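Everything below belongs to protein-v2.pdb, which stores PDB, C-alpha atoms and all ligand atoms.
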MODEL        1
ATOM      1  CA  MET V  29       0.000   0.000   0.000
ATOM      2  CA  ARG V  30       1.334   3.428  -0.950
ATOM      3  CA  ARG V  31       1.069   6.183   1.636
ATOM      4  CA  VAL V  32       0.799   9.764   0.513
ATOM      5  CA  VAL V  33       0.534  13.051   2.374
ATOM      6  CA  ASP V  34       1.601  15.571  -0.233
ATOM      7  CA  ILE V  35      -1.107  16.854  -2.570
ATOM      8  CA  GLU V  36       1.092  16.884  -5.692
ATOM      9  CA  GLN V  37       2.222  13.296  -5.095
ATOM     10  CA  TRP V  38      -1.411  12.298  -4.605
ATOM     11  CA  ARG V  39      -2.473  14.008  -7.849
ATOM     12  CA  ARG V  40       0.420  12.360  -9.755
ATOM     13  CA  LEU V  41      -0.248   8.928  -8.320
ATOM     14  CA  ALA V  42      -3.877   9.054  -9.496
ATOM     15  CA  GLN V  43      -2.825  10.442 -12.895
ATOM     16  CA  ASP V  44      -0.282   7.613 -13.319
ATOM     17  CA  GLN V  45      -3.018   5.059 -12.711
ATOM     18  CA  ARG V  46      -5.299   6.685 -15.273
ATOM     19  CA  ASP V  47      -2.408   6.856 -17.757
ATOM     20  CA  ALA V  48      -1.902   3.126 -17.218
ATOM     21  CA  GLY V  49      -5.539   2.603 -18.215
ATOM     22  CA  ARG V  50      -6.871   1.868 -14.744
ATOM     23  CA  ARG V  51     -10.008   3.265 -13.208
ATOM     24  CA  VAL V  52      -9.525   4.997  -9.891
ATOM     25  CA  GLY V  53     -12.047   4.424  -7.099
ATOM     26  CA  LEU V  54     -12.096   7.006  -4.308
ATOM     27  CA  VAL V  55     -13.166   6.031  -0.788
ATOM     28  CA  PRO V  56     -13.271   9.255   1.250
ATOM     29  CA  THR V  57     -13.241   8.794   5.037
ATOM     30  CA  MET V  58     -12.522  10.612   8.262
ATOM     31  CA  GLY V  59     -10.704   7.578   9.685
ATOM     32  CA  ALA V  60     -11.631   5.497  12.758
ATOM     33  CA  LEU V  61     -12.182   2.822  10.155
ATOM     34  CA  HIS V  62     -14.637  -0.048  10.652
ATOM     35  CA  ARG V  63     -16.385  -2.740   8.618
ATOM     36  CA  GLY V  64     -18.599  -0.117   6.995
ATOM     37  CA  HIS V  65     -15.524   1.470   5.395
ATOM     38  CA  GLN V  66     -14.257  -2.004   4.562
ATOM     39  CA  SER V  67     -17.445  -2.662   2.582
ATOM     40  CA  LEU V  68     -16.759   0.455   0.481
ATOM     41  CA  VAL V  69     -13.248  -0.763  -0.304
ATOM     42  CA  GLU V  70     -14.631  -4.208  -1.171
ATOM     43  CA  ALA V  71     -17.149  -2.638  -3.560
ATOM     44  CA  ALA V  72     -14.359  -0.644  -5.240
ATOM     45  CA  ARG V  73     -12.187  -3.745  -5.548
ATOM     46  CA  ALA V  74     -15.083  -5.750  -6.956
ATOM     47  CA  ASN V  75     -15.369  -3.065  -9.652
ATOM     48  CA  GLY V  76     -11.677  -3.516 -10.423
ATOM     49  CA  ASP V  77     -10.756   0.010  -9.330
ATOM     50  CA  TYR V  78      -7.358   1.166  -8.142
ATOM     51  CA  VAL V  79      -8.505   2.075  -4.622
ATOM     52  CA  ILE V  80      -7.468   5.402  -3.169
ATOM     53  CA  MET V  81      -8.703   5.951   0.378
ATOM     54  CA  THR V  82      -8.455   9.376   1.946
ATOM     55  CA  ILE V  83      -8.450  10.014   5.680
ATOM     56  CA  PHE V  84      -9.084  13.608   6.642
ATOM     57  CA  VAL V  85     -11.079  14.805   9.636
ATOM     58  CA  ASN V  86     -12.660  17.772   7.935
ATOM     59  CA  PRO V  87     -13.237  20.574  10.459
ATOM     60  CA  ARG V  88     -15.529  22.431   8.050
ATOM     61  CA  GLN V  89     -18.292  19.867   8.478
ATOM     62  CA  PHE V  90     -18.382  20.136  12.281
ATOM     63  CA  ASN V  91     -20.574  22.948  13.536
ATOM     64  CA  ASP V  92     -19.751  22.019  17.152
ATOM     65  CA  PRO V  93     -16.080  22.340  18.226
ATOM     66  CA  ASN V  94     -16.638  19.768  21.013
ATOM     67  CA  ASP V  95     -17.877  17.232  18.471
ATOM     68  CA  LEU V  96     -14.745  17.861  16.370
ATOM     69  CA  ARG V  97     -12.498  17.457  19.419
ATOM     70  CA  ALA V  98     -14.238  14.241  20.477
ATOM     71  CA  TYR V  99     -14.200  12.681  16.996
ATOM     72  CA  PRO V 100     -12.238   9.395  17.287
ATOM     73  CA  ARG V 101      -8.781   9.368  15.727
ATOM     74  CA  THR V 102      -6.977   6.034  15.340
ATOM     75  CA  PRO V 103      -4.303   6.624  12.658
ATOM     76  CA  GLU V 104      -2.101   3.593  13.372
ATOM     77  CA  ALA V 105      -4.985   1.122  13.425
ATOM     78  CA  ASP V 106      -6.443   2.785  10.319
ATOM     79  CA  ARG V 107      -3.209   2.290   8.368
ATOM     80  CA  ASP V 108      -3.042  -1.375   9.369
ATOM     81  CA  LEU V 109      -6.669  -1.979   8.466
ATOM     82  CA  ALA V 110      -6.444  -0.107   5.156
ATOM     83  CA  LYS V 111      -3.452  -2.226   4.177
ATOM     84  CA  SER V 112      -5.102  -5.487   5.224
ATOM     85  CA  ILE V 113      -8.293  -4.836   3.219
ATOM     86  CA  GLY V 114      -6.498  -4.049  -0.014
ATOM     87  CA  VAL V 115      -6.411  -0.249  -0.245
ATOM     88  CA  ASP V 116      -3.865   0.566  -2.972
ATOM     89  CA  ALA V 117      -3.024   4.063  -1.783
ATOM     90  CA  LEU V 118      -3.825   5.768   1.497
ATOM     91  CA  VAL V 119      -3.858   9.544   1.389
ATOM     92  CA  GLU V 120      -3.683  11.480   4.649
ATOM     93  CA  PRO V 121      -3.576  15.096   3.539
ATOM     94  CA  THR V 122      -2.530  17.815   5.964
ATOM     95  CA  MET V 123      -4.768  20.670   7.022
ATOM     96  CA  ALA V 124      -2.375  23.116   5.359
ATOM     97  CA  GLU V 125      -2.955  21.416   2.022
ATOM     98  CA  MET V 126      -6.677  20.860   2.337
ATOM     99  CA  TRP V 127      -7.706  24.189   3.847
ATOM    100  CA  PRO V 128      -4.695  26.522   3.703
ATOM    101  CA  ALA V 129      -6.421  29.333   5.613
ATOM    102  CA  TYR V 130      -7.635  27.162   8.516
ATOM    103  CA  PRO V 131      -8.597  28.084  11.264
ATOM    104  CA  ASP V 132      -9.713  31.202   9.385
ATOM    105  CA  PRO V 133     -12.874  30.572   7.357
ATOM    106  CA  THR V 134     -12.287  29.169   3.866
ATOM    107  CA  PRO V 135     -14.084  31.437   1.424
ATOM    108  CA  THR V 136     -14.554  28.836  -1.318
ATOM    109  CA  THR V 137     -17.630  26.804  -0.511
ATOM    110  CA  VAL V 138     -19.804  24.335  -2.409
ATOM    111  CA  SER V 139     -23.355  24.534  -1.119
ATOM    112  CA  VAL V 140     -26.232  22.253  -2.102
ATOM    113  CA  ALA V 141     -29.082  24.454  -0.935
ATOM    114  CA  GLY V 142     -32.334  22.745  -0.029
ATOM    115  CA  LEU V 143     -31.056  19.182   0.216
ATOM    116  CA  GLY V 144     -28.327  20.312   2.561
ATOM    117  CA  ASP V 145     -30.574  22.420   4.795
ATOM    118  CA  VAL V 146     -33.075  19.833   6.044
ATOM    119  CA  LEU V 147     -32.768  16.904   8.496
ATOM    120  CA  GLU V 148     -29.072  16.749   9.549
ATOM    121  CA  GLY V 149     -28.512  20.138   7.934
ATOM    122  CA  ALA V 150     -31.232  21.774  10.056
ATOM    123  CA  GLY V 151     -29.631  20.605  13.300
ATOM    124  CA  ARG V 152     -26.054  21.100  12.131
ATOM    125  CA  PRO V 153     -25.928  24.355  10.141
ATOM    126  CA  GLY V 154     -23.131  24.390   7.573
ATOM    127  CA  HIS V 155     -22.474  20.659   7.895
ATOM    128  CA  PHE V 156     -23.276  19.801   4.283
ATOM    129  CA  ASP V 157     -21.452  22.863   2.939
ATOM    130  CA  GLY V 158     -18.402  21.384   4.657
ATOM    131  CA  VAL V 159     -19.080  17.929   3.231
ATOM    132  CA  ALA V 160     -19.785  19.152  -0.311
ATOM    133  CA  SER V 161     -16.707  21.404  -0.276
ATOM    134  CA  VAL V 162     -14.320  18.703   0.923
ATOM    135  CA  VAL V 163     -15.732  16.016  -1.391
ATOM    136  CA  THR V 164     -15.357  18.425  -4.329
ATOM    137  CA  LYS V 165     -11.702  18.999  -3.469
ATOM    138  CA  LEU V 166     -10.976  15.300  -2.905
ATOM    139  CA  ALA V 167     -12.595  14.498  -6.260
ATOM    140  CA  ILE V 168     -10.760  17.269  -8.127
ATOM    141  CA  VAL V 169      -7.357  16.185  -6.830
ATOM    142  CA  THR V 170      -8.007  12.448  -7.297
ATOM    143  CA  GLY V 171      -9.956  12.454 -10.575
ATOM    144  CA  PRO V 172     -11.744   9.171  -9.785
ATOM    145  CA  SER V 173     -14.077   7.217 -12.076
ATOM    146  CA  ARG V 174     -16.126   6.215  -9.051
ATOM    147  CA  ILE V 175     -16.559   7.535  -5.550
ATOM    148  CA  TYR V 176     -17.993   5.369  -2.783
ATOM    149  CA  PHE V 177     -20.287   6.327   0.108
ATOM    150  CA  GLY V 178     -22.241   4.354   2.685
ATOM    151  CA  GLU V 179     -26.026   4.620   2.761
ATOM    152  CA  LYS V 180     -25.905   5.148   6.523
ATOM    153  CA  ASP V 181     -25.270   8.800   5.697
ATOM    154  CA  PHE V 182     -28.228   8.788   3.326
ATOM    155  CA  GLN V 183     -28.553  12.552   3.166
ATOM    156  CA  GLN V 184     -24.838  12.917   2.449
ATOM    157  CA  LEU V 185     -25.248  10.534  -0.473
ATOM    158  CA  ALA V 186     -28.220  12.541  -1.803
ATOM    159  CA  VAL V 187     -26.289  15.810  -1.437
ATOM    160  CA  VAL V 188     -23.217  14.417  -3.227
ATOM    161  CA  ARG V 189     -25.314  12.917  -6.055
ATOM    162  CA  ARG V 190     -26.997  16.263  -6.586
ATOM    163  CA  MET V 191     -23.694  18.141  -6.456
ATOM    164  CA  VAL V 192     -22.146  15.807  -9.047
ATOM    165  CA  LEU V 193     -25.172  16.298 -11.304
ATOM    166  CA  ASP V 194     -25.274  20.075 -10.936
ATOM    167  CA  LEU V 195     -21.525  20.571 -11.406
ATOM    168  CA  GLY V 196     -21.277  18.009 -14.232
ATOM    169  CA  LEU V 197     -18.482  16.137 -12.465
ATOM    170  CA  ASP V 198     -17.381  13.111 -14.485
ATOM    171  CA  VAL V 199     -17.648  10.594 -11.662
ATOM    172  CA  GLU V 200     -20.086   7.820 -10.754
ATOM    173  CA  VAL V 201     -21.383   8.015  -7.184
ATOM    174  CA  VAL V 202     -21.748   4.521  -5.720
ATOM    175  CA  GLY V 203     -23.966   4.068  -2.652
ATOM    176  CA  CYS V 204     -23.241   0.955  -0.555
ATOM    177  CA  PRO V 205     -25.658  -0.727   1.886
ATOM    178  CA  ILE V 206     -25.541   0.020   5.614
ATOM    179  CA  VAL V 207     -23.372  -2.405   7.588
ATOM    180  CA  ARG V 208     -24.740  -3.358  11.022
ATOM    181  CA  ASP V 209     -23.389  -5.113  14.081
ATOM    182  CA  ASP V 210     -25.068  -8.380  15.090
ATOM    183  CA  ASP V 211     -27.380  -6.480  17.440
ATOM    184  CA  GLY V 212     -28.539  -4.245  14.568
ATOM    185  CA  LEU V 213     -26.636  -1.059  15.445
ATOM    186  CA  ALA V 214     -25.504   0.673  12.259
ATOM    187  CA  LEU V 215     -21.707   0.889  12.230
ATOM    188  CA  SER V 216     -20.388   4.368  12.858
ATOM    189  CA  SER V 217     -17.045   5.751  13.973
ATOM    190  CA  ARG V 218     -18.979   7.431  16.794
ATOM    191  CA  ASN V 219     -20.110   4.096  18.311
ATOM    192  CA  VAL V 220     -16.813   3.758  20.208
ATOM    193  CA  ARG V 221     -18.005   6.628  22.402
ATOM    194  CA  LEU V 222     -21.011   4.604  23.657
ATOM    195  CA  ASP V 223     -20.675   2.631  26.894
ATOM    196  CA  GLU V 224     -22.648  -0.599  27.326
ATOM    197  CA  LEU V 225     -25.820   1.048  28.601
ATOM    198  CA  ALA V 226     -25.755   3.833  26.017
ATOM    199  CA  ARG V 227     -25.209   1.263  23.303
ATOM    200  CA  SER V 228     -28.265  -0.714  24.371
ATOM    201  CA  ARG V 229     -30.337   2.507  24.283
ATOM    202  CA  ALA V 230     -28.905   3.333  20.858
ATOM    203  CA  LEU V 231     -30.455   0.151  19.471
ATOM    204  CA  ALA V 232     -33.775   2.019  19.625
ATOM    205  CA  LEU V 233     -32.865   3.777  16.363
ATOM    206  CA  ASN V 234     -32.789   0.549  14.390
ATOM    207  CA  ARG V 235     -35.835  -0.747  16.290
ATOM    208  CA  ALA V 236     -37.736   2.425  15.381
ATOM    209  CA  LEU V 237     -36.953   1.889  11.693
ATOM    210  CA  THR V 238     -38.006  -1.757  11.906
ATOM    211  CA  PHE V 239     -41.361  -0.802  13.445
ATOM    212  CA  ALA V 240     -41.878   1.857  10.783
ATOM    213  CA  SER V 241     -41.092  -0.573   7.964
ATOM    214  CA  GLU V 242     -43.600  -3.052   9.399
ATOM    215  CA  LEU V 243     -46.353  -0.486   8.927
ATOM    216  CA  ASP V 244     -47.366   0.194   5.356
ATOM    217  CA  GLY V 245     -48.171   3.825   6.087
ATOM    218  CA  PRO V 246     -49.376   6.429   6.448
ATOM    219  CA  ALA V 247     -46.236   8.526   6.832
ATOM    220  CA  SER V 248     -47.540  10.237   9.977
ATOM    221  CA  ALA V 249     -48.042   6.862  11.709
ATOM    222  CA  MET V 250     -44.480   5.869  10.807
ATOM    223  CA  ARG V 251     -43.142   9.128  12.238
ATOM    224  CA  ALA V 252     -45.123   8.640  15.431
ATOM    225  CA  VAL V 253     -43.976   5.060  16.009
ATOM    226  CA  MET V 254     -40.329   5.952  15.369
ATOM    227  CA  ARG V 255     -40.425   8.906  17.768
ATOM    228  CA  ALA V 256     -42.206   6.914  20.492
ATOM    229  CA  THR V 257     -39.747   4.010  20.168
ATOM    230  CA  MET V 258     -36.723   6.255  20.563
ATOM    231  CA  GLU V 259     -38.236   8.290  23.380
ATOM    232  CA  ALA V 260     -39.062   5.086  25.276
ATOM    233  CA  ALA V 261     -35.320   4.328  25.286
ATOM    234  CA  ASP V 262     -34.460   7.860  26.504
ATOM    235  CA  VAL V 263     -32.973   8.843  23.179
ATOM    236  CA  VAL V 264     -33.181  12.613  22.630
ATOM    237  CA  VAL V 265     -34.893  12.645  19.242
ATOM    238  CA  ALA V 266     -33.489  15.079  16.685
ATOM    239  CA  TYR V 267     -35.885  13.903  13.963
ATOM    240  CA  ALA V 268     -37.929  10.926  12.854
ATOM    241  CA  GLU V 269     -38.896  11.546   9.243
ATOM    242  CA  VAL V 270     -40.370   9.845   6.189
ATOM    243  CA  VAL V 271     -39.195  11.542   3.010
ATOM    244  CA  ASP V 272     -38.939  11.279  -0.735
ATOM    245  CA  PRO V 273     -35.625   9.440  -1.316
ATOM    246  CA  THR V 274     -34.384  11.936  -3.922
ATOM    247  CA  THR V 275     -35.686  15.334  -2.808
ATOM    248  CA  LEU V 276     -35.655  14.506   0.938
ATOM    249  CA  GLN V 277     -38.946  16.397   1.248
ATOM    250  CA  PRO V 278     -41.323  15.082   3.956
ATOM    251  CA  LEU V 279     -44.163  12.977   2.550
ATOM    252  CA  ASP V 280     -47.761  13.506   3.550
ATOM    253  CA  ASP V 281     -50.317  10.843   4.335
ATOM    254  CA  GLY V 282     -51.564  10.726   0.738
ATOM    255  CA  ALA V 283     -48.152   9.650  -0.543
ATOM    256  CA  THR V 284     -47.573   6.141  -1.859
ATOM    257  CA  GLY V 285     -44.573   4.203  -3.136
ATOM    258  CA  ARG V 286     -40.930   4.026  -2.124
ATOM    259  CA  ALA V 287     -39.837   6.336   0.645
ATOM    260  CA  ARG V 288     -36.999   6.663   3.119
ATOM    261  CA  ALA V 289     -37.407   6.691   6.870
ATOM    262  CA  LEU V 290     -34.611   8.568   8.646
ATOM    263  CA  VAL V 291     -33.940   8.977  12.344
ATOM    264  CA  ALA V 292     -31.424  10.921  14.397
ATOM    265  CA  GLY V 293     -31.020  11.051  18.127
ATOM    266  CA  VAL V 294     -28.575  11.820  20.874
ATOM    267  CA  VAL V 295     -27.572   9.139  23.369
ATOM    268  CA  ASP V 296     -25.298  10.211  26.221
ATOM    269  CA  GLY V 297     -24.099  13.179  24.187
ATOM    270  CA  VAL V 298     -23.378  11.078  21.087
ATOM    271  CA  ARG V 299     -25.381  11.989  17.990
ATOM    272  CA  LEU V 300     -26.417   8.936  15.958
ATOM    273  CA  ILE V 301     -28.267   8.540  12.672
ATOM    274  CA  ASP V 302     -29.848   5.633  10.815
ATOM    275  CA  ASN V 303     -32.292   5.085   7.953
ATOM    276  CA  ARG V 304     -34.171   2.477   5.978
ATOM    277  CA  ALA V 305     -36.126   2.127   2.729
ATOM    278  CA  VAL V 306     -39.874   1.881   3.408
ATOM    279  CA  GLU V 307     -42.932   1.411   1.221
ATOM    280  CA  LEU V 308     -46.058   3.534   1.568
ATOM    281  CA  ARG V 309     -49.162   1.761   0.297
ATOM    282  CA  ARG V 310     -52.507   3.256  -0.676
ATOM    283  CA  GLY V 311     -55.611   2.870   1.455
ATOM    284  CA  HIS V 312     -55.110   4.999   4.567
TER     285      HIS V 312
HETATM  286  O1  LIG C 401     -18.719  10.325   5.613
HETATM  287  C1  LIG C 401     -17.632  10.835   5.976
HETATM  288  O2  LIG C 401     -16.809  10.214   6.628
HETATM  289  C2  LIG C 401     -17.337  12.279   5.610
HETATM  290  O3  LIG C 401     -18.483  13.050   5.645
HETATM  291  C3  LIG C 401     -16.620  12.414   4.260
HETATM  292  C4  LIG C 401     -17.477  11.947   3.115
HETATM  293  C5  LIG C 401     -15.309  11.648   4.288
HETATM  294  C6  LIG C 401     -16.284  13.891   3.994
HETATM  295  O4  LIG C 401     -15.448  14.405   4.976
ENDMDL
END
Show how you would write the structure in this file as structure tokens.
Amino acid sequence: MRRVVDIEQWRRLAQDQRDAGRRVGLVPTMGALHRGHQSLVEAARANGDYVIMTIFVNPRQFNDPNDLRAYPRTPEADRDLAKSIGVDALVEPTMAEMWPAYPDPTPTTVSVAGLGDVLEGAGRPGHFDGVASVVTKLAIVTGPSRIYFGEKDFQQLAVVRRMVLDLGLDVEVVGCPIVRDDDGLALSSRNVRLDELARSRALALNRALTFASELDGPASAMRAVMRATMEAADVVVAYAEVVDPTTLQPLDDGATGRARALVAGVVDGVRLIDNRAVELRRGH
């Protein structure tokens, strides 16, 4: 596995692969790697891509300095894992190269208005501007054919798809299924911050989605059951929504067809999210 820090080396490495006729697959991460990240690398390898993984804890997507400080950082373990799962090149860019002005505000911002302002965006102002801006830079430097994201961050995936469409970026966005632990908890780098009790309460997010998917509508009943399930486990509910999977707009009780249920809640100070595809059927 190659390891790269310098932006010019990174750009050249990706260019060399393209010159050699290979497709580059980009797996952007913030480290604290787990099986969810591994599944993205596996998808890229299955597509035959030369896999470039980036690890960069992007301060621009944290609206809360405490959340940024508490974000898990495990560089040594990440390097070992990346190597063992077949990453071809691991890029760990410095802050000076990614955001040269930091900690001053970076004036150049990519903003996906609308999609980036609801759900997670409503509770974390500026979060998706930070995500869209960093993903744009990672994609420009790497020049990948494909870029891989987990569906756990469903809104992030929707924002990036829209950004790629609007900016005409020549890259395929690949969404990969959520990876869960045996008890159903969606894998997240933040899970390491949960003690045993908090973890058992956190299972209410997945349970809420299961209950919602067992109903066939209406959307308001799904919202109510998700909220009640999380509240019963003392999860501080940020939202429990049923939305159109592309526009992320809330659906009303007349809506039918495929929809996405999304939940977010805080357990012992740790903000968690999860989501699931649901089907709304006529007749309510
Ligand atoms: O999903 C993440 O880990 C981050 O939001 C990403 C896509 C690496 C951008 O910093």
- Task: Fewer than 4 positions away in the same chain doesn't count, so skip those; otherwise give me all residues within 10 Å of range 153-158 of chain V, counting all atoms listed in the file, as an MDAnalysis selection string.
- Result: chainID V and resid 86:92 134 137:141 143:146 148:149 162:164 183:184 187:188
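Counting only C-alpha atoms, the residue from V:Ala261, V:Val55, V:Leu213, V:Ala256 that sits nearest to Phe239 in chain V is V:Ala256.
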Chain V near ligand LIG 401 (chain C) within 7 Å: what's each residue's closest atom pair and its distance in Å to one decimal, counting all atoms listed in the file, ordered by chain then ascending residue number, as a Markdown table?
| residue | atom | partner | partner_atom | distance |
| --- | --- | --- | --- | --- |
| V:Pro56 | CA | C:LIG401 | C5 | 4.4 |
| V:Thr57 | CA | C:LIG401 | C5 | 3.6 |
| V:Met58 | CA | C:LIG401 | O2 | 4.6 |
| V:Phe84 | CA | C:LIG401 | O4 | 6.6 |
| V:Val85 | CA | C:LIG401 | O4 | 6.4 |
| V:Asn86 | CA | C:LIG401 | O4 | 5.3 |
| V:Val159 | CA | C:LIG401 | C6 | 5.0 |
| V:Val162 | CA | C:LIG401 | O4 | 6.0 |
| V:Val163 | CA | C:LIG401 | C6 | 5.8 |
| V:Phe177 | CA | C:LIG401 | C4 | 7.0 |
| V:Asp181 | CA | C:LIG401 | O1 | 6.7 |
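Of the listed residues (V:Ala186, V:Val202, V:Met123, V:Ile80), V:Ile80 comes nearest to Gly171 in chain V; the distances count all atoms listed in the file.
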- Near Met254 in chain V, counting only C-alpha atoms, which residues have an atom at most 8 Å away, once you skip same-chain residues fewer than 2 positions from it, shown as a list in words? Leu233, Ala236, Leu237, Phe239, Ala240, Met250, Arg251, Ala252, Ala256, Thr257, Met258, Ala268 and Val291 of chain V
Dump as a JSON list (two decimals), in the coordinates of the input, selection limited to C-alpha atoms:
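The result, stored in out-v7.json:
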[["chain", "number", "residue", "atom", "x", "y", "z"],
["V", 233, "LEU", "CA", -32.86, 3.78, 16.36],
["V", 236, "ALA", "CA", -37.74, 2.42, 15.38],
["V", 237, "LEU", "CA", -36.95, 1.89, 11.69],
["V", 239, "PHE", "CA", -41.36, -0.80, 13.44],
["V", 240, "ALA", "CA", -41.88, 1.86, 10.78],
["V", 250, "MET", "CA", -44.48, 5.87, 10.81],
["V", 251, "ARG", "CA", -43.14, 9.13, 12.24],
["V", 252, "ALA", "CA", -45.12, 8.64, 15.43],
["V", 256, "ALA", "CA", -42.21, 6.91, 20.49],
["V", 257, "THR", "CA", -39.75, 4.01, 20.17],
["V", 258, "MET", "CA", -36.72, 6.26, 20.56],
["V", 268, "ALA", "CA", -37.93, 10.93, 12.85],
["V", 291, "VAL", "CA", -33.94, 8.98, 12.34]]
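Take the candidates V:Ala150, V:Val32, V:Leu61, V:Ile301 and check each one against Ala230 in chain V using only C-alpha atoms; the shortest distance goes to V:Ile301.
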- Can you pull out every residue within 10 Å of Ala305 in chain V, counting only C-alpha atoms, but drop anything in the same chain fewer than 4 positions away, and send it as a list in words?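 Listed by chain and then number, they are Leu237, Ala240, Ser241, Val270, Val271, Pro273, Arg286, Ala287, Arg288, Ala289 and Leu290 of chain V.
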- Excluding same-chain residues fewer than 3 positions from Val265 in chain V, what lies within 7 Å of it counting only C-alpha atoms, as JSON, numbers by chain? {"V": [255, 258, 259, 292, 293, 294]}
- Message: Report, in Å with one decimal, the straight-line distance from CA of Ile35 in chain V to CA of Pro172 in chain V.
- Response: 15.0 Å
- Pick from V:Leu300, V:Val119, V:Leu54, V:Ala48: nearest to Val199 in chain V, with all atoms listed in the file counted? V:Leu54
- Task: Return the single residue from V:Ser161, V:Ser112, V:Thr274, V:Thr122 that is closest to Thr136 in chain V, with distances computed using only C-alpha atoms.
- Result: V:Ser161
- Message: For the PyMOL selection byres (((chain V and resi 53) around 12) and not hetatm), applied here, can you spell out every residue it catches as a PyMOL selection string?
- Response: chain V and resi 42+45-46+50-52+54-56+68-82+115-118+166-167+170-177+199-202
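Nearest residue to Asp108 in chain V among V:Arg31, V:Arg218, V:Arg208, V:Arg227 is V:Arg31, counting all atoms listed in the file.
You will find CA of Gly285 in chain V at 8.4 Å from CA of Val306 in chain V.
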- Item | Two-atom distance - CA of Glu179 in chain V, CA of Gln66 in chain V (Å) | 13.6 Å
- Item | Given the PyMOL selection byres (((chain V and resi 220) around 12) and not hetatm), the residues it picks as a list in words | Ala60, Leu61, His62, Ala98, Tyr99, Pro100, Arg101, Thr102, Leu213, Leu215, Ser216, Ser217, Arg218, Asn219, Arg221, Leu222, Asp223, Glu224, Ala226, Arg227, Val298 and Leu300 of chain V
Would you put the residues from that selection into a file with C-alpha atoms, as a PDB file, keeping the file's coordinate frame?
ATOM      1  CA  ALA V  60     -11.631   5.497  12.758  1.00  0.00           C
ATOM      2  CA  LEU V  61     -12.182   2.822  10.155  1.00  0.00           C
ATOM      3  CA  HIS V  62     -14.637  -0.048  10.652  1.00  0.00           C
ATOM      4  CA  ALA V  98     -14.238  14.241  20.477  1.00  0.00           C
ATOM      5  CA  TYR V  99     -14.200  12.681  16.996  1.00  0.00           C
ATOM      6  CA  PRO V 100     -12.238   9.395  17.287  1.00  0.00           C
ATOM      7  CA  ARG V 101      -8.781   9.368  15.727  1.00  0.00           C
ATOM      8  CA  THR V 102      -6.977   6.034  15.340  1.00  0.00           C
ATOM      9  CA  LEU V 213     -26.636  -1.059  15.445  1.00  0.00           C
ATOM     10  CA  LEU V 215     -21.707   0.889  12.230  1.00  0.00           C
ATOM     11  CA  SER V 216     -20.388   4.368  12.858  1.00  0.00           C
ATOM     12  CA  SER V 217     -17.045   5.751  13.973  1.00  0.00           C
ATOM     13  CA  ARG V 218     -18.979   7.431  16.794  1.00  0.00           C
ATOM     14  CA  ASN V 219     -20.110   4.096  18.311  1.00  0.00           C
ATOM     15  CA  ARG V 221     -18.005   6.628  22.402  1.00  0.00           C
ATOM     16  CA  LEU V 222     -21.011   4.604  23.657  1.00  0.00           C
ATOM     17  CA  ASP V 223     -20.675   2.631  26.894  1.00  0.00           C
ATOM     18  CA  GLU V 224     -22.648  -0.599  27.326  1.00  0.00           C
ATOM     19  CA  ALA V 226     -25.755   3.833  26.017  1.00  0.00           C
ATOM     20  CA  ARG V 227     -25.209   1.263  23.303  1.00  0.00           C
ATOM     21  CA  VAL V 298     -23.378  11.078  21.087  1.00  0.00           C
ATOM     22  CA  LEU V 300     -26.417   8.936  15.958  1.00  0.00           C
TER      23      LEU V 300
END
